[in-house]
file protein_6.txt (compact mmCIF, C-alpha atoms and all ligand atoms)
# COMPACT_ATOMS: atom_id res chain seq x y z
CA MET Z 1 -25.58 1.21 -18.17
CA ALA Z 2 -23.05 -1.29 -16.86
CA ASP Z 3 -23.96 -1.94 -13.23
CA THR Z 4 -20.68 -1.54 -11.41
CA ALA Z 5 -19.92 -0.10 -8.01
CA ALA Z 6 -17.91 2.69 -9.66
CA GLN Z 7 -20.97 4.32 -11.20
CA ILE Z 8 -21.41 7.94 -10.23
CA ILE Z 9 -23.71 10.34 -12.03
CA THR Z 10 -23.22 14.06 -11.41
CA ILE Z 11 -25.86 16.72 -12.07
CA ASP Z 12 -24.70 20.30 -11.56
CA GLY Z 13 -26.15 23.69 -12.39
CA PRO Z 14 -27.42 26.98 -10.97
CA ALA Z 15 -30.19 27.55 -8.43
CA GLY Z 16 -33.69 26.54 -9.39
CA VAL Z 17 -32.75 24.75 -12.60
CA GLY Z 18 -34.55 21.55 -11.56
CA LYS Z 19 -31.53 19.54 -10.43
CA SER Z 20 -33.27 18.03 -7.39
CA THR Z 21 -36.32 16.80 -9.26
CA ILE Z 22 -34.21 15.28 -12.02
CA SER Z 23 -31.58 13.81 -9.69
CA ARG Z 24 -34.27 12.15 -7.59
CA LYS Z 25 -35.90 10.64 -10.67
CA VAL Z 26 -32.59 9.44 -12.13
CA ALA Z 27 -31.57 7.91 -8.78
CA ALA Z 28 -34.91 6.09 -8.54
CA ARG Z 29 -34.60 4.84 -12.15
CA TYR Z 30 -31.24 3.14 -11.50
CA GLY Z 31 -31.72 2.33 -7.80
CA PHE Z 32 -28.87 4.69 -6.86
CA THR Z 33 -28.46 6.82 -3.74
CA TYR Z 34 -29.39 10.48 -4.25
CA LEU Z 35 -26.73 12.77 -2.77
CA ASP Z 36 -28.02 16.32 -2.32
CA THR Z 37 -24.78 18.21 -1.63
CA GLY Z 38 -26.59 21.55 -1.33
CA ALA Z 39 -28.48 20.19 1.69
CA MET Z 40 -25.13 19.88 3.49
CA TYR Z 41 -24.17 23.51 2.78
CA ARG Z 42 -27.63 24.53 3.96
CA ALA Z 43 -27.15 22.57 7.20
CA VAL Z 44 -23.85 24.33 7.98
CA ALA Z 45 -25.44 27.69 7.15
CA TRP Z 46 -28.36 26.99 9.46
CA TYR Z 47 -26.07 26.04 12.33
CA LEU Z 48 -23.90 29.15 11.96
CA VAL Z 49 -26.97 31.41 11.86
CA LYS Z 50 -28.60 29.65 14.80
CA HIS Z 51 -25.49 30.04 16.94
CA GLY Z 52 -24.78 33.59 15.81
CA ILE Z 53 -21.37 32.72 14.42
CA ARG Z 54 -19.97 35.33 12.05
CA LEU Z 55 -18.94 33.99 8.66
CA ASP Z 56 -15.72 36.00 8.73
CA ASP Z 57 -14.69 34.47 12.07
CA ILE Z 58 -12.82 31.62 10.41
CA PRO Z 59 -11.48 29.99 13.62
CA ALA Z 60 -15.04 29.88 15.00
CA VAL Z 61 -16.37 28.40 11.73
CA GLU Z 62 -13.59 25.81 11.74
CA SER Z 63 -14.34 24.78 15.30
CA VAL Z 64 -18.02 24.36 14.35
CA LEU Z 65 -16.98 22.07 11.50
CA ASP Z 66 -15.15 19.88 14.01
CA ARG Z 67 -18.19 19.40 16.18
CA ILE Z 68 -21.07 18.91 13.77
CA THR Z 69 -22.34 15.66 12.30
CA ILE Z 70 -24.66 15.86 9.33
CA THR Z 71 -26.81 12.95 8.24
CA LEU Z 72 -28.92 12.94 5.09
CA LEU Z 73 -32.18 11.01 5.23
CA PRO Z 74 -34.16 9.73 2.26
CA ALA Z 75 -37.07 12.02 1.32
CA GLU Z 76 -40.30 11.19 3.13
CA GLN Z 77 -42.33 11.61 -0.04
CA GLU Z 78 -41.36 10.44 -3.49
CA ASP Z 79 -41.13 14.02 -4.80
CA GLY Z 80 -39.91 15.62 -1.57
CA ASP Z 81 -36.54 17.01 -0.50
CA VAL Z 82 -34.06 14.84 1.37
CA GLY Z 83 -34.15 15.20 5.13
CA VAL Z 84 -31.24 16.55 7.16
CA VAL Z 85 -30.28 15.75 10.73
CA LEU Z 86 -27.58 17.85 12.37
CA ASN Z 87 -26.17 16.64 15.68
CA GLY Z 88 -29.33 14.62 16.19
CA GLU Z 89 -31.77 17.46 15.42
CA ASP Z 90 -34.05 17.16 12.40
CA ILE Z 91 -33.65 20.46 10.54
CA SER Z 92 -35.18 19.35 7.23
CA ALA Z 93 -37.78 22.12 7.08
CA GLN Z 94 -35.60 24.88 8.54
CA ILE Z 95 -32.95 24.65 5.81
CA ARG Z 96 -35.34 25.11 2.87
CA THR Z 97 -35.98 28.83 3.22
CA PRO Z 98 -34.86 31.63 0.85
CA ALA Z 99 -32.83 33.19 3.69
CA ILE Z 100 -30.87 29.98 4.30
CA SER Z 101 -30.35 29.59 0.52
CA MET Z 102 -28.50 32.88 0.49
CA VAL Z 103 -26.44 32.17 3.62
CA ALA Z 104 -25.59 28.69 2.26
CA SER Z 105 -24.26 30.33 -0.87
CA THR Z 106 -22.05 32.67 1.20
CA VAL Z 107 -20.91 29.89 3.54
CA SER Z 108 -20.05 27.65 0.59
CA ALA Z 109 -17.33 30.05 -0.53
CA LEU Z 110 -15.31 29.34 2.64
CA PRO Z 111 -12.47 26.89 1.86
CA ALA Z 112 -12.70 25.16 5.27
CA VAL Z 113 -16.40 24.43 4.74
CA ARG Z 114 -15.82 23.09 1.23
CA GLU Z 115 -12.98 20.88 2.43
CA LYS Z 116 -15.09 19.26 5.14
CA LEU Z 117 -18.19 18.76 3.01
CA THR Z 118 -16.28 17.56 -0.05
CA ALA Z 119 -14.65 14.87 2.12
CA MET Z 120 -18.06 13.79 3.45
CA GLN Z 121 -19.47 13.67 -0.07
CA ARG Z 122 -16.57 11.55 -1.34
CA GLN Z 123 -17.10 9.18 1.55
CA ILE Z 124 -20.75 8.74 0.57
CA GLY Z 125 -19.72 8.30 -3.08
CA ALA Z 126 -16.96 5.80 -2.29
CA GLN Z 127 -19.20 2.79 -2.71
CA GLY Z 128 -20.49 4.07 -6.08
CA ARG Z 129 -24.10 3.92 -7.31
CA VAL Z 130 -24.70 7.57 -6.44
CA VAL Z 131 -26.43 10.46 -8.20
CA ALA Z 132 -24.71 13.58 -6.86
CA GLU Z 133 -26.32 16.97 -7.29
CA GLY Z 134 -24.77 20.40 -6.68
CA ARG Z 135 -22.43 23.01 -8.13
CA ASP Z 136 -19.06 21.23 -8.22
CA THR Z 137 -19.87 17.51 -8.16
CA GLY Z 138 -18.62 16.96 -11.72
CA THR Z 139 -15.65 19.33 -11.50
CA VAL Z 140 -14.25 18.81 -7.99
CA VAL Z 141 -16.02 16.20 -5.87
CA PHE Z 142 -16.22 13.37 -8.42
CA PRO Z 143 -14.07 14.31 -11.43
CA GLN Z 144 -13.95 10.59 -12.28
CA ALA Z 145 -17.78 10.29 -12.48
CA SER Z 146 -19.05 7.96 -15.16
CA HIS Z 147 -21.76 10.35 -16.37
CA LYS Z 148 -21.82 14.13 -15.96
CA PHE Z 149 -24.62 16.56 -16.73
CA TYR Z 150 -24.88 20.33 -16.43
CA LEU Z 151 -28.38 21.78 -16.42
CA ASP Z 152 -28.94 25.42 -17.28
CA ALA Z 153 -31.92 27.74 -17.87
CA THR Z 154 -32.53 31.47 -17.95
CA PRO Z 155 -32.76 33.19 -14.53
CA GLU Z 156 -36.35 34.17 -15.37
CA ALA Z 157 -37.37 30.56 -16.02
CA ARG Z 158 -35.65 29.38 -12.84
CA ALA Z 159 -37.15 32.08 -10.62
CA GLY Z 160 -40.55 31.37 -12.15
CA ARG Z 161 -40.30 27.68 -11.27
CA ARG Z 162 -39.23 28.44 -7.70
CA ALA Z 163 -42.18 30.82 -7.38
CA GLN Z 164 -44.50 28.08 -8.57
CA GLN Z 165 -43.06 25.58 -6.04
CA LEU Z 166 -43.46 28.03 -3.17
CA ARG Z 167 -47.02 28.85 -4.20
CA GLU Z 168 -47.84 25.14 -4.23
CA ARG Z 169 -46.60 25.01 -0.63
CA GLY Z 170 -49.07 27.79 0.17
CA GLU Z 171 -46.44 30.50 0.59
CA THR Z 172 -46.79 34.07 -0.70
CA VAL Z 173 -44.24 34.92 -3.33
CA ASP Z 174 -42.59 38.11 -4.53
CA GLU Z 175 -41.44 36.97 -7.96
CA ALA Z 176 -39.29 40.05 -8.68
CA GLN Z 177 -37.44 39.52 -5.41
CA LEU Z 178 -36.98 35.83 -6.20
CA LEU Z 179 -35.44 36.73 -9.54
CA GLU Z 180 -33.09 39.17 -7.84
CA MET Z 181 -32.03 36.54 -5.30
CA THR Z 182 -31.53 33.93 -8.02
CA ILE Z 183 -29.22 36.26 -9.93
CA ALA Z 184 -27.34 37.24 -6.76
CA ARG Z 185 -26.84 33.58 -5.79
CA ASP Z 186 -25.68 32.67 -9.33
CA ARG Z 187 -23.13 35.44 -9.20
CA GLN Z 188 -21.86 34.45 -5.76
CA ASP Z 189 -21.71 30.73 -6.63
CA SER Z 190 -19.90 31.24 -9.94
CA GLU Z 191 -17.49 33.99 -8.90
CA ARG Z 192 -16.02 32.39 -5.78
CA GLU Z 193 -12.42 31.23 -5.90
CA VAL Z 194 -12.82 27.68 -4.61
CA ALA Z 195 -14.86 25.19 -6.67
CA PRO Z 196 -17.04 27.77 -8.46
CA LEU Z 197 -20.18 26.77 -10.29
CA LYS Z 198 -19.15 25.81 -13.78
CA LYS Z 199 -19.72 23.09 -16.31
CA ALA Z 200 -17.13 20.30 -16.26
CA GLU Z 201 -15.50 20.07 -19.67
CA ASP Z 202 -16.77 16.53 -20.09
CA ALA Z 203 -20.32 17.23 -18.82
CA VAL Z 204 -23.30 17.19 -21.18
CA LEU Z 205 -25.07 20.57 -21.19
CA ILE Z 206 -28.87 20.51 -21.16
CA ASP Z 207 -30.78 23.78 -21.45
CA THR Z 208 -34.01 23.17 -19.54
CA THR Z 209 -35.61 26.58 -20.23
CA ARG Z 210 -38.19 25.05 -22.55
CA LEU Z 211 -38.18 21.48 -21.25
CA ASP Z 212 -40.28 19.92 -18.52
CA ALA Z 213 -38.86 17.49 -15.96
CA ASP Z 214 -39.96 14.41 -17.94
CA GLN Z 215 -38.19 15.64 -21.07
CA VAL Z 216 -34.96 16.31 -19.16
CA PHE Z 217 -35.22 12.90 -17.47
CA GLU Z 218 -35.67 11.22 -20.85
CA ALA Z 219 -32.70 13.04 -22.38
CA ILE Z 220 -30.47 12.02 -19.45
CA THR Z 221 -31.52 8.39 -19.20
CA LYS Z 222 -31.18 7.99 -22.97
CA LEU Z 223 -27.57 9.16 -22.73
CA ILE Z 224 -26.82 6.96 -19.71
CA GLY Z 225 -28.44 3.92 -21.29
O1 LIG R 1 -28.51 23.39 -4.39
P1 LIG R 1 -28.90 24.29 -3.26
O2 LIG R 1 -29.71 25.47 -3.70
O3 LIG R 1 -29.56 23.53 -2.13
O4 LIG R 1 -27.50 24.84 -2.67
C1 LIG R 1 -27.44 25.85 -1.69
C2 LIG R 1 -26.11 26.59 -1.81
O5 LIG R 1 -25.04 25.70 -1.46
C3 LIG R 1 -25.76 27.09 -3.22
O6 LIG R 1 -26.21 28.41 -3.45
C4 LIG R 1 -24.26 27.01 -3.27
C5 LIG R 1 -23.91 25.93 -2.28
N1 LIG R 1 -23.49 24.67 -2.91
C6 LIG R 1 -22.18 24.59 -3.31
O7 LIG R 1 -21.44 25.56 -3.21
N2 LIG R 1 -21.70 23.44 -3.83
C7 LIG R 1 -22.51 22.38 -3.99
N3 LIG R 1 -22.00 21.25 -4.51
C8 LIG R 1 -23.86 22.46 -3.62
C9 LIG R 1 -24.34 23.64 -3.10

call {"tool": "encode", "arguments": {"input": "protein_6.txt", "output": "structure tokens", "more": "lines below"}}
Ligand code: DC
result
Amino acid sequence: MADTAAQIITIDGPAGVGKSTISRKVAARYGFTYLDTGAMYRAVAWYLVKHGIRLDDIPAVESVLDRITITLLPAEQEDGDVGVVLNGEDISAQIRTPAISMVASTVSALPAVREKLTAMQRQIGAQGRVVAEGRDTGTVVFPQASHKFYLDATPEARAGRRAQQLRERGETVDEAQLLEMTIARDRQDSEREVAPLKKAEDAVLIDTTRLDADQVFEAITKLIG
């Protein structure tokens, strides 16, 4: 791949498809910054829940957006999630719960929230050399990206992987409930009016149902060069 400042790689797809693992690996391979856009939606969701702000109280949500600062930190471990600091408070662990996943999905349908976070993401991407991961990074945030990928897999495969991850963290898992939440989140993320989850026309589709992370990584890096 030509090493220019304009390089942006986008990796979009539904919940639990393996975007984070792949994005982290691809970013490390090229020495790019990994931009986890979902972490930002999670941070806003966490703040609104913590302060008891109703999601249909748009003026209150907008005033929150004016007074929060979100900073993403590199993951502490090579295969860990990025850290998130909101107004100086480290909320990295608090945002990675199934409950916050669902609220983040609801919050992300609000145009004011998307506007603010999209602007932040473009600012981070302005210097190039970024791997951006999310739902709309190839369609809305960085339509000019040099390489776009869309990962997909059956809801069963995705819920199964999430269950495995949670078990590895020592948590008890209700797999049927996870599947239900995955399907509900897919529906909410793809049916919203603003920047819904969908494949960019010029993105390469990779079905990861029967592929492991190394195989997906190889397919992507082969295409990028
Ligand atoms: O990728 P994730 O599971 O951390 O994202 C949490 C929620 O945030 C997801 O259900 C929808 C929303 N999101 C979004 O709307 N747009 C993005 N670019 C990233 C995430």

call {"tool": "residues_near_ligand", "arguments": {"input": "protein_6.txt", "ligand": "ligand LIG 1 (chain R)", "cutoff": "6 Å", "atoms": "all atoms listed in the file", "output": "PyMOL selection string"}}
result
chain Z and resi 15+37-39+41-42+101+104-105+108+134-137+185+189

call {"tool": "closest_residue", "arguments": {"input": "protein_6.txt", "among": "Z:Asp214, Z:Glu180, Z:Glu156, Z:Glu62", "to": "Pro98 of chain Z", "atoms": "only C-alpha atoms"}}
result
Z:Glu180

call {"tool": "closest_residue", "arguments": {"input": "protein_6.txt", "among": "Z:Val103, Z:Ala153, Z:Ala28, Z:Leu35", "to": "Val141 of chain Z", "atoms": "all atoms listed in the file"}}
result
Z:Leu35

call {"tool": "closest_residue", "arguments": {"input": "protein_6.txt", "among": "Z:Pro196, Z:Gly170, Z:Gly13, Z:Gly18", "to": "Ala109 of chain Z", "atoms": "all atoms listed in the file"}}
result
Z:Pro196

call {"tool": "axis_aligned_box", "arguments": {"input": "protein_6.txt", "around": "segment 80-89 of chain Z", "padding_each_side": "5 Å", "output": "JSON"}}
result
{"center_x": -33.0, "center_y": 16.2, "center_z": 7.3, "size_x": 23.7, "size_y": 13.2, "size_z": 27.8}

call {"tool": "closest_residue", "arguments": {"input": "protein_6.txt", "among": "Z:Ile224, Z:Phe217, Z:Tyr47, Z:Ile100", "to": "Val85 of chain Z", "atoms": "all atoms listed in the file"}}
result
Z:Tyr47

call {"tool": "closest_residue", "arguments": {"input": "protein_6.txt", "among": "Z:Ser92, Z:Thr118, Z:Gln177, Z:Thr221", "to": "Glu76 of chain Z", "atoms": "only C-alpha atoms"}}
result
Z:Ser92

call {"tool": "closest_residue", "arguments": {"input": "protein_6.txt", "among": "Z:Leu166, Z:Phe149, Z:Arg24, Z:Thr106", "to": "Ala219 of chain Z", "atoms": "only C-alpha atoms"}}
result
Z:Phe149

call {"tool": "atom_distance", "arguments": {"input": "protein_6.txt", "atom1": "atom CA of Arg122 of chain Z", "atom2": "atom CA of Asp36 of chain Z"}}
result
12.4 Å

call {"tool": "residues_near_point", "arguments": {"input": "protein_6.txt", "point": "(-15.5, 26.1, 3.4)", "cutoff": "12 Å", "atoms": "all atoms listed in the file", "output": "JSON, numbers by chain"}}
result
{"Z": [40, 41, 44, 45, 55, 56, 58, 59, 61, 62, 64, 65, 104, 105, 106, 107, 108, 109, 110, 111, 112, 113, 114, 115, 116, 117, 118, 119, 192, 193, 194, 195]}

call {"tool": "atom_distance", "arguments": {"input": "protein_6.txt", "atom1": "atom CA of Leu72 of chain Z", "atom2": "atom CA of Ala43 of chain Z"}}
result
10.0 Å

call {"tool": "atom_distance", "arguments": {"input": "protein_6.txt", "atom1": "atom CA of Ala163 of chain Z", "atom2": "atom CA of Asp186 of chain Z"}}
result
16.7 Å

call {"tool": "residues_near_point", "arguments": {"input": "protein_6.txt", "point": "(-20.6, 4.8, -5.9)", "cutoff": "9 Å", "atoms": "all atoms listed in the file", "output": "list of chain:residue names"}}
result
Z:Thr4, Z:Ala5, Z:Ala6, Z:Gln7, Z:Ile8, Z:Ile9, Z:Phe32, Z:Thr33, Z:Ile124, Z:Gly125, Z:Ala126, Z:Gln127, Z:Gly128, Z:Arg129, Z:Val130, Z:Val131

call {"tool": "residues_around", "arguments": {"input": "protein_6.txt", "residues": "Ala60 of chain Z", "least_positions_apart": "6", "cutoff": "10 Å", "atoms": "all atoms listed in the file", "output": "MDAnalysis selection string"}}
result
chainID Z and resid 48 53:54

call {"tool": "residues_around", "arguments": {"input": "protein_6.txt", "residues": "segment 182-184 of chain Z", "least_positions_apart": "2", "cutoff": "8 Å", "atoms": "only C-alpha atoms", "output": "VMD selection string"}}
result
chain Z and resid 15 to 16 155 158 to 159 178 to 180 186 to 188

call {"tool": "residues_around", "arguments": {"input": "protein_6.txt", "residues": "Gly138 of chain Z", "least_positions_apart": "3", "cutoff": "10 Å", "atoms": "all atoms listed in the file", "output": "list of chain:residue names"}}
result
Z:Ile8, Z:Ile9, Z:Thr10, Z:Ile11, Z:Asp12, Z:Ala132, Z:Glu133, Z:Gly134, Z:Arg135, Z:Val141, Z:Phe142, Z:Pro143, Z:Gln144, Z:Ala145, Z:Ser146, Z:His147, Z:Lys148, Z:Phe149, Z:Tyr150, Z:Lys198, Z:Lys199, Z:Ala200, Z:Glu201, Z:Asp202, Z:Ala203
